[in-house]
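In what follows, a single structure is set out as structure tokens and then discussed.
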Amino acid sequence: MSFCLDQRTSRERRFRQTAQNGRYILTSGPGDRLRMSRNKTKRTPKRVLRLPDLDFAKSAVLNTLRSPESKRSYRFAIDDFVAWYCSEPRLSFNKTVVLRYRLELESRRLSSSTINLRLAAVRRLAYEAADTGLLSPELAAGIRRVKGAKRIGVRSGNWLSAEQAKLLVQAPNVGTMRGKRDRAIISILVGCGLRRSELAELKLADLQRRDERWVILDLYGKGGHIRTVPVPDWVKAAVDCWTAAANVTEGLLFRCVNRTGDVWGNGITEKVIWCVVKEFASKASLGTLAPHDLRRTCARLCHVAGGELEQIQFLLGHVSVQTTERYLGCKQKLRVAVNDHIGIEPD
């Protein structure tokens with residue numbers, strides 16, 4: 001009996017010594033028997049991410065985005081960060097490195113919104129790297145705590161008056177095929193407040209009758225938001241003039257027009273819309289004008305005409321009413337400024 005106990009004790013001693021070397025561990029089972037099991041080493045996340053790791057995390061980030069505009073912005077932001085990150089050897093992908101990247105962006109004198117967009121892409125990159133096991137959750141949490149650039153003040157937008165907007169709409173020559181198309185494009189931008197991406201994807205079947213008027217039904221806008229946009233009669237008249245002349249009966253509403261006036265293709269790009277607005281803004285002597293300025297103009301003219309703020313928000317498809325207020329630009333009045341008549345003007 002004592003021989004069995006001594007043998008068991010010596011066996012346990014050998015097992016403990018082997019377990020201390022990291023090869024086996026002791027576990028107790030039924031009947032108080034001892035058995036050996038392999039000590040599985042856990043894979044520790046990396047602290048230094050190489051280019052293949054960053055490319056893998058970048059693909060994971062882009063696959064989670066639905067909007068093509070968001071994918072384009074995040075792809076450019078991540079590529080910029082990767083180029084800066086790989087330009088010199090880094091110790092690890094952590095909070096300190098992201099802070100240095102923010103200082104790099106500020107040294108380029110970029111706007112606060114651009115810097116915050118780049119940092120948001122870097123945070124998303126850290127999240128995906130942590131989810132796939134390439135980065136430790138502690139480092140990802142530290143990167144999340146990196147604050148963005150502060151936005152001080154509000155940048156002034158560009159709005160047209162009612163007379164200027166009317167002059168812009170009448171600038172295209174409706175005697176030509178391209179003039180009919182361009183007037184319809186500008187009319188929708190000014191009268192309906194669409195984004196240029198929404199206008200490029202607009203289909204003829206989207207124009208339907210609801211509540212005894214024409215509307216753009218169930219417009220799929222930015223961020224996956226769906227809204228219905230009322231279409232004024234003068235805008236519908238400009239669209240009908242174009243569709244009748246171009247014989248557009250289905251598919252996308254706007255098509256390409258060559259120099260001889262022939263209609264071809266199945267649609268237009270956002271760059272075409274930009275060039276149309278730029279061309280006729282120059283002809284109307286309105287200076288530098290972008291398609292998004294016409295969206296702001298639509299909001300401002302609706303507000304001046306007595307439109308409710310909530311209805312303007314529905315028209316533009318904004319989630320926050322604060323965004324609509326920025327589009328209106330109604331907080332600071334520049335036409336009748338407070339410092340025009342302060343009592344010290346010369347006679």
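Note on naming: chains are A, B, ... as they come in the structure tokens, residues start from 1 per chain, ligands start from 1 in the order shown.
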Secondary structure check, helix (DSSP H, G or I) residues of stretch 285-337 of chain A, as a ChimeraX atom specification: /A:291-304,309-316,321-328
Keeping N, CA and C atoms for every residue in the selection just given, could you write it to a file as a compact mmCIF listing (two decimals), in the first residue's frame?
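This went into again35.txt:
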```txt
# COMPACT_ATOMS: atom_id res chain seq x y z
N PRO A 291 -23.18 72.48 -58.09
CA PRO A 291 -24.54 71.93 -58.02
C PRO A 291 -25.12 71.95 -56.61
N HIS A 292 -24.28 71.79 -55.58
CA HIS A 292 -24.80 71.81 -54.22
C HIS A 292 -25.24 73.20 -53.80
N ASP A 293 -24.70 74.24 -54.44
CA ASP A 293 -25.16 75.60 -54.16
C ASP A 293 -26.61 75.79 -54.61
N LEU A 294 -27.01 75.08 -55.66
CA LEU A 294 -28.40 75.15 -56.10
C LEU A 294 -29.32 74.43 -55.11
N ARG A 295 -28.82 73.44 -54.45
CA ARG A 295 -29.60 72.77 -53.39
C ARG A 295 -29.80 73.72 -52.20
N ARG A 296 -28.76 74.47 -51.84
CA ARG A 296 -28.91 75.49 -50.80
C ARG A 296 -29.87 76.59 -51.24
N THR A 297 -29.78 76.96 -52.52
CA THR A 297 -30.66 78.00 -53.04
C THR A 297 -32.12 77.57 -52.96
N CYS A 298 -32.40 76.32 -53.27
CA CYS A 298 -33.77 75.81 -53.18
C CYS A 298 -34.28 75.92 -51.75
N ALA A 299 -33.45 75.56 -50.77
CA ALA A 299 -33.86 75.64 -49.37
C ALA A 299 -34.09 77.10 -48.96
N ARG A 300 -33.20 78.00 -49.36
CA ARG A 300 -33.34 79.41 -48.99
C ARG A 300 -34.60 80.03 -49.60
N LEU A 301 -34.86 79.75 -50.89
CA LEU A 301 -36.03 80.32 -51.54
C LEU A 301 -37.32 79.76 -50.95
N CYS A 302 -37.32 78.49 -50.56
CA CYS A 302 -38.50 77.93 -49.90
C CYS A 302 -38.75 78.61 -48.56
N HIS A 303 -37.69 78.91 -47.83
CA HIS A 303 -37.84 79.56 -46.53
C HIS A 303 -38.30 81.00 -46.69
N VAL A 304 -37.77 81.71 -47.69
CA VAL A 304 -38.18 83.09 -47.94
C VAL A 304 -39.64 83.16 -48.37
N LEU A 309 -40.09 74.97 -41.74
CA LEU A 309 -38.77 74.36 -41.60
C LEU A 309 -38.86 72.83 -41.68
N GLU A 310 -39.91 72.27 -41.11
CA GLU A 310 -40.08 70.82 -41.13
C GLU A 310 -40.31 70.31 -42.56
N GLN A 311 -41.08 71.06 -43.35
CA GLN A 311 -41.34 70.65 -44.72
C GLN A 311 -40.09 70.77 -45.59
N ILE A 312 -39.28 71.80 -45.32
CA ILE A 312 -38.01 71.93 -46.05
C ILE A 312 -37.08 70.78 -45.69
N GLN A 313 -37.11 70.35 -44.44
CA GLN A 313 -36.31 69.20 -44.01
C GLN A 313 -36.74 67.94 -44.76
N PHE A 314 -38.05 67.73 -44.92
CA PHE A 314 -38.54 66.59 -45.68
C PHE A 314 -38.13 66.69 -47.15
N LEU A 315 -38.16 67.91 -47.69
CA LEU A 315 -37.81 68.10 -49.10
C LEU A 315 -36.35 67.73 -49.37
N LEU A 316 -35.45 68.15 -48.48
CA LEU A 316 -34.04 67.90 -48.68
C LEU A 316 -33.60 66.52 -48.19
N VAL A 321 -32.61 68.61 -38.07
CA VAL A 321 -33.09 69.93 -38.48
C VAL A 321 -31.98 70.96 -38.41
N GLN A 322 -30.93 70.71 -37.63
CA GLN A 322 -29.79 71.63 -37.59
C GLN A 322 -29.08 71.68 -38.94
N THR A 323 -29.05 70.57 -39.65
CA THR A 323 -28.46 70.58 -40.98
C THR A 323 -29.28 71.44 -41.93
N THR A 324 -30.59 71.37 -41.82
CA THR A 324 -31.45 72.21 -42.65
C THR A 324 -31.26 73.68 -42.34
N GLU A 325 -31.07 74.01 -41.08
CA GLU A 325 -30.84 75.41 -40.71
C GLU A 325 -29.54 75.93 -41.30
N ARG A 326 -28.52 75.08 -41.36
CA ARG A 326 -27.27 75.51 -41.99
C ARG A 326 -27.46 75.74 -43.48
N TYR A 327 -28.31 74.95 -44.11
CA TYR A 327 -28.57 75.15 -45.53
C TYR A 327 -29.31 76.46 -45.78
N LEU A 328 -30.16 76.84 -44.85
CA LEU A 328 -30.92 78.08 -45.02
C LEU A 328 -30.04 79.30 -44.82
```
Give me, as a PyMOL selection string, all polymer residues having an atom no more than 12 Å from A:Arg102, counting only C-alpha atoms and skipping those fewer than 3 positions away in the same chain. chain A and resi 81+84-85+95-99+105-112+114-120+122+143+146-150
Could you tell me, as a ChimeraX atom specification, which residues of stretch 58-259 of chain A DSSP assigns to strand (DSSP E or B) when given the backbone? /A:135,203,207-210,213-220,226-230,252,256-257
Tell me, as a list in words, which residues lie within 8 Å of A:Thr269, counting only C-alpha atoms; anything in the same chain fewer than 3 positions away does not count. Ala200, Val272 and Ile273 of chain A
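Counting only C-alpha atoms, the residue from A:Glu201, A:Asp240, A:Asp79, A:Asp233 that sits nearest to A:Gly221 is A:Glu201.
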Selection: 12 Å around A:Gln170, only C-alpha atoms, excl. self and same-chain fewer than 2 positions, as a ChimeraX atom specification: /A:163-168,172-175,179-180,182-187,190,234,238,280-281,283-284
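Note that atom CA of A:Asn94 and atom CA of A:Leu139 are 5.4 Å apart.
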Here atom CA of A:Asn158 and atom CA of A:Glu69 stand apart by 22.5 Å
